[in-house]
Amino acid sequence: MNLVSWNVNGLRSCVNKGFHEYFNHIGADIFCLQETKLQEGQISLELGEEYRQYWNYALKKGYSGTAVFTKIQPLSVRYGLEEETEPEGRIITLEFDSFYLVNVYTPNAKRDLSRLAYRLEWEDRFRNFLLQLDDRKPVIICGDLNVAHQEIDLKNAKGNRGNSGFTEEEREKMSLLLDSGFTDSFRYLYPERTDAYSWWSNMPKVRERNVGWRIDYFLVSTRLRPFIVDARIDSNVLGSDHCPVVLELANFNESLFLPRDTIG
């Protein structure tokens with residue numbers, strides 16, 4: 001199974017910068033978007049009859065938003081955390097026979113960290129939500145998590161220490177999530193790889209020099225580790241200040257339904 005996640009930073013703009021070419025080339029079973037920045041009716045994507053489309057729009061125009069396009073029929077689709085709505089359109093959860101998929105666009109703490117307290121509280125609610133899902137079935141989480149977890153996840157760790165996306169508090173929340181029974185698929189396969197980034201600022205020549213951050217992830221329930229075939233970053237794909245990240249999984253089987261602490 002082939003899954004893709006991409007923060008498109010405005011889907012209407014990305015469509016004019018090669019979105020369809022990449023989408024058709026990759027042929028993902030499940031394709032997730034963050035930061036679509038549009039409202040219902042503002043775009044009509046022709047993706048083929050095999051894809052079902054699910055959208056979560058932010059109430060604020062031109063802001064946030066997520067979407068999932070899937071060839072696999074979900075059993076159910078949920079917007080927000082449990083029964084509460086998310087006015088910023090940040091979460092879509094699809095339930096399938098063998099797993100849950102959670103597509104998420106994590107709130108940014110803002111440059112002046114004015115939203116850090118909200119971000120940390122949101123992280124706790126999100127982790128609890130994931131653990132509830134994981135008690136039932138394995139979970140695949142993808143999206144822009146707005147944090148560089150380790151120093152090797154950004155080019156200039158020393159210069160960015162304490163900045164939004166690399167505060168100790170945000171990094172600790174990521175560690176806590178992983179310690180709760182989830183695995184960063186890319187780091188699982190490439191524990192020491194550097195210069196692997198998924199986001200670059202819009203400053204001149206930054207992307208050309210690969211001065212970036214890895215803030216886009218595929219996390220999986222730890223018992224899914226044996227099924228990971230590959231996790232990669234398609235850094236050559238343009239169209240956004242983020243690039244797509246990809247997860248390939250082998251066929252699932254009955255071992256997925258073992259208790260959470262069985263494999264790890």
# chains A, B, ... in the order shown; residues from 1 in each chain; ligands from 1
$ select_by_dssp --residues "segment 39-264 of chain A" --states "alpha helix (DSSP H)" --output "VMD selection string"
chain A and resid 116 to 134 157 to 160 168 to 179 185 to 189
$ write_last_selection --atoms "N, CA, C and O atoms" --output "compact mmCIF listing (two decimals), in the first residue's frame"
# COMPACT_ATOMS: atom_id res chain seq x y z
N LEU A 116 1.83 29.06 21.65
CA LEU A 116 2.50 27.87 22.16
C LEU A 116 1.65 27.15 23.20
O LEU A 116 1.54 25.92 23.17
N ALA A 117 1.04 27.88 24.12
CA ALA A 117 0.23 27.25 25.15
C ALA A 117 -0.92 26.48 24.53
O ALA A 117 -1.22 25.34 24.94
N TYR A 118 -1.60 27.08 23.55
CA TYR A 118 -2.67 26.37 22.86
C TYR A 118 -2.13 25.14 22.14
O TYR A 118 -2.74 24.06 22.20
N ARG A 119 -0.99 25.29 21.50
CA ARG A 119 -0.38 24.18 20.78
C ARG A 119 -0.11 22.99 21.72
O ARG A 119 -0.41 21.84 21.39
N LEU A 120 0.44 23.25 22.88
CA LEU A 120 0.78 22.18 23.81
C LEU A 120 -0.46 21.49 24.35
O LEU A 120 -0.49 20.26 24.50
N GLU A 121 -1.52 22.27 24.62
CA GLU A 121 -2.77 21.70 25.08
C GLU A 121 -3.40 20.85 23.98
O GLU A 121 -3.95 19.77 24.23
N TRP A 122 -3.32 21.33 22.76
CA TRP A 122 -3.84 20.59 21.61
C TRP A 122 -3.09 19.27 21.43
O TRP A 122 -3.70 18.24 21.14
N GLU A 123 -1.78 19.30 21.64
CA GLU A 123 -0.97 18.08 21.52
C GLU A 123 -1.45 17.01 22.50
O GLU A 123 -1.51 15.82 22.16
N ASP A 124 -1.79 17.40 23.72
CA ASP A 124 -2.26 16.44 24.71
C ASP A 124 -3.59 15.82 24.28
O ASP A 124 -3.79 14.60 24.40
N ARG A 125 -4.50 16.64 23.79
CA ARG A 125 -5.79 16.12 23.32
C ARG A 125 -5.60 15.19 22.12
O ARG A 125 -6.26 14.15 22.02
N PHE A 126 -4.72 15.59 21.23
CA PHE A 126 -4.47 14.79 20.03
C PHE A 126 -3.86 13.44 20.40
O PHE A 126 -4.27 12.40 19.87
N ARG A 127 -2.90 13.45 21.31
CA ARG A 127 -2.28 12.18 21.72
C ARG A 127 -3.32 11.26 22.37
O ARG A 127 -3.35 10.05 22.08
N ASN A 128 -4.15 11.79 23.22
CA ASN A 128 -5.19 10.97 23.85
C ASN A 128 -6.15 10.39 22.81
O ASN A 128 -6.59 9.24 22.93
N PHE A 129 -6.47 11.19 21.82
CA PHE A 129 -7.33 10.72 20.73
C PHE A 129 -6.69 9.56 19.99
O PHE A 129 -7.33 8.53 19.73
N LEU A 130 -5.40 9.68 19.68
CA LEU A 130 -4.69 8.62 18.97
C LEU A 130 -4.62 7.34 19.81
O LEU A 130 -4.77 6.23 19.28
N LEU A 131 -4.40 7.48 21.09
CA LEU A 131 -4.32 6.31 21.96
C LEU A 131 -5.67 5.57 22.03
O LEU A 131 -5.70 4.34 22.10
N GLN A 132 -6.76 6.33 22.01
CA GLN A 132 -8.07 5.70 21.99
C GLN A 132 -8.27 4.89 20.71
O GLN A 132 -8.79 3.77 20.74
N LEU A 133 -7.84 5.45 19.59
CA LEU A 133 -7.92 4.72 18.33
C LEU A 133 -7.03 3.49 18.37
O LEU A 133 -7.43 2.39 17.94
N ASP A 134 -5.82 3.66 18.88
CA ASP A 134 -4.83 2.59 18.87
C ASP A 134 -5.24 1.42 19.75
O ASP A 134 -4.77 0.30 19.56
N ALA A 157 20.23 23.67 13.68
CA ALA A 157 19.62 23.42 14.98
C ALA A 157 20.03 24.46 16.01
O ALA A 157 19.20 24.97 16.77
N LYS A 158 21.27 24.81 16.03
CA LYS A 158 21.76 25.77 17.03
C LYS A 158 21.10 27.12 16.86
O LYS A 158 20.66 27.74 17.84
N GLY A 159 21.00 27.60 15.63
CA GLY A 159 20.44 28.92 15.38
C GLY A 159 18.94 28.98 15.57
O GLY A 159 18.38 30.07 15.73
N ASN A 160 18.26 27.83 15.55
CA ASN A 160 16.80 27.81 15.67
C ASN A 160 16.30 27.33 17.02
O ASN A 160 15.09 27.24 17.24
N GLU A 168 11.82 23.38 23.09
CA GLU A 168 11.94 22.17 23.90
C GLU A 168 10.56 21.59 24.20
O GLU A 168 10.38 20.36 24.21
N GLU A 169 9.58 22.47 24.42
CA GLU A 169 8.24 21.99 24.75
C GLU A 169 7.61 21.21 23.59
O GLU A 169 7.01 20.14 23.81
N GLU A 170 7.74 21.73 22.39
CA GLU A 170 7.16 21.04 21.23
C GLU A 170 7.87 19.72 20.97
O GLU A 170 7.23 18.70 20.66
N ARG A 171 9.17 19.73 21.08
CA ARG A 171 9.95 18.51 20.86
C ARG A 171 9.63 17.45 21.92
O ARG A 171 9.56 16.26 21.63
N GLU A 172 9.42 17.89 23.16
CA GLU A 172 9.06 16.95 24.22
C GLU A 172 7.70 16.31 23.96
O GLU A 172 7.49 15.12 24.26
N LYS A 173 6.75 17.09 23.43
CA LYS A 173 5.44 16.52 23.11
C LYS A 173 5.56 15.45 22.02
O LYS A 173 4.87 14.42 22.06
N MET A 174 6.45 15.70 21.06
CA MET A 174 6.68 14.70 20.02
C MET A 174 7.31 13.44 20.61
O MET A 174 6.89 12.31 20.29
N SER A 175 8.26 13.61 21.50
CA SER A 175 8.88 12.46 22.16
C SER A 175 7.84 11.67 22.96
O SER A 175 7.83 10.43 22.93
N LEU A 176 6.97 12.37 23.64
CA LEU A 176 5.94 11.73 24.43
C LEU A 176 4.99 10.92 23.55
O LEU A 176 4.59 9.80 23.90
N LEU A 177 4.65 11.49 22.40
CA LEU A 177 3.77 10.77 21.47
C LEU A 177 4.44 9.49 20.99
O LEU A 177 3.83 8.40 21.00
N LEU A 178 5.69 9.58 20.60
CA LEU A 178 6.40 8.39 20.12
C LEU A 178 6.56 7.36 21.23
O LEU A 178 6.39 6.16 21.00
N ASP A 179 6.84 7.82 22.43
CA ASP A 179 6.99 6.91 23.57
C ASP A 179 5.67 6.25 23.97
O ASP A 179 5.66 5.27 24.72
N SER A 185 8.27 6.67 10.95
CA SER A 185 8.65 5.67 9.94
C SER A 185 9.96 6.02 9.24
O SER A 185 10.78 5.14 8.97
N PHE A 186 10.18 7.30 8.96
CA PHE A 186 11.40 7.70 8.27
C PHE A 186 12.62 7.46 9.15
O PHE A 186 13.62 6.89 8.72
N ARG A 187 12.55 7.89 10.42
CA ARG A 187 13.67 7.70 11.33
C ARG A 187 13.88 6.23 11.68
O ARG A 187 14.99 5.83 11.99
N TYR A 188 12.83 5.45 11.63
CA TYR A 188 12.96 4.02 11.87
C TYR A 188 13.86 3.38 10.81
O TYR A 188 14.72 2.55 11.13
N LEU A 189 13.69 3.79 9.56
CA LEU A 189 14.51 3.24 8.48
C LEU A 189 15.85 3.95 8.34
O LEU A 189 16.84 3.33 7.95
$ closest_atom_pairs --of "segment 122-164 of chain A" --to "segment 33-40 of chain A" --cutoff "10 Å" --atoms "only C-alpha atoms" --output "Markdown table"
| residue | atom | partner | partner_atom | distance |
| --- | --- | --- | --- | --- |
| A:Cys142 | CA | A:Leu33 | CA | 9.3 |
| A:Gly143 | CA | A:Gln34 | CA | 6.6 |
| A:Asp144 | CA | A:Gln34 | CA | 7.0 |
$ residues_around --residues "segment 214-226 of chain A" --least-positions-apart "5" --cutoff "8 Å" --atoms "only C-alpha atoms" --output "CSV table (one decimal) with C-alpha atoms, in the first residue's frame"
chain,number,residue,atom,x,y,z
A,5,SER,CA,1.1,13.2,2.5
A,6,TRP,CA,1.7,16.8,1.2
A,7,ASN,CA,1.2,20.2,2.7
A,134,ASP,CA,-4.8,2.6,18.9
A,138,PRO,CA,-3.3,0.2,14.5
A,139,VAL,CA,-3.1,3.9,13.5
A,140,ILE,CA,-1.3,5.6,10.7
A,141,ILE,CA,-0.8,9.3,11.3
A,142,CYS,CA,0.4,11.6,8.5
A,143,GLY,CA,0.7,15.3,8.0
A,144,ASP,CA,2.5,18.5,8.8
A,145,LEU,CA,3.3,18.2,12.5
A,146,ASN,CA,5.0,21.5,12.7
A,147,VAL,CA,8.0,20.3,14.7
A,148,ALA,CA,11.5,19.2,13.9
A,149,HIS,CA,11.9,16.5,16.5
A,153,ASP,CA,15.8,17.2,11.5
A,154,LEU,CA,16.8,20.7,10.5
A,181,GLY,CA,3.5,3.5,21.2
A,182,PHE,CA,4.1,5.2,17.8
A,183,THR,CA,7.1,5.1,15.4
A,184,ASP,CA,8.5,7.8,13.1
A,185,SER,CA,8.7,5.7,9.9
A,186,PHE,CA,11.4,7.7,8.3
A,196,ALA,CA,16.5,15.0,4.6
A,197,TYR,CA,14.0,17.9,4.8
A,198,SER,CA,10.4,18.4,3.8
A,199,TRP,CA,10.0,22.2,4.3
A,231,ALA,CA,9.5,5.9,3.9
A,245,VAL,CA,6.4,12.4,2.0
A,246,VAL,CA,5.6,8.8,1.1
A,247,LEU,CA,5.0,5.6,3.1
A,256,LEU,CA,-2.2,-6.2,13.3
A,260,ARG,CA,-0.6,-2.7,21.4
A,261,ASP,CA,2.4,-3.9,23.5
A,262,THR,CA,2.9,-7.2,21.6
A,263,ILE,CA,5.3,-5.9,19.0
A,264,GLY,CA,7.8,-3.1,19.6
$ closest_residue --among "A:Val102, A:Met203, A:Leu59, A:Ala109" --to "Gly80 of chain A" --atoms "only C-alpha atoms"
A:Val102
$ closest_residue --among "A:Asn163, A:Gln150, A:Ser64, A:Thr93" --to "Ser76 of chain A" --atoms "only C-alpha atoms"
A:Thr93
$ closest_residue --among "A:Phe99, A:Tyr57, A:Val229, A:Leu94" --to "Leu249 of chain A" --atoms "only C-alpha atoms"
A:Val229
$ select_by_dssp --residues "segment 11-60 of chain A" --states "strand (DSSP E or B)" --output "list in words"
Ile30, Phe31, Cys32, Leu33, Gln34, Arg52, Gln53, Tyr54, Trp55 and Asn56 of chain A
$ closest_residue --among "A:Ile233, A:Ile72, A:Ile92, A:Cys14" --to "Cys32 of chain A" --atoms "only C-alpha atoms"
A:Ile92
$ closest_residue --among "A:Leu45, A:Val8, A:Val68, A:Val15" --to "Ala28 of chain A" --atoms "only C-alpha atoms"
A:Val68
$ atom_distance --atom1 "atom CA of Leu3 of chain A" --atom2 "atom CA of His25 of chain A"
13.0 Å
$ closest_residue --among "A:Asp230, A:Gly10, A:Pro244, A:Arg111" --to "Phe23 of chain A" --atoms "only C-alpha atoms"
A:Pro244
$ atom_distance --atom1 "atom CA of Phe69 of chain A" --atom2 "atom CA of Glu50 of chain A"
9.5 Å
$ atom_distance --atom1 "atom CA of Asn210 of chain A" --atom2 "atom CA of Asp234 of chain A"
13.0 Å
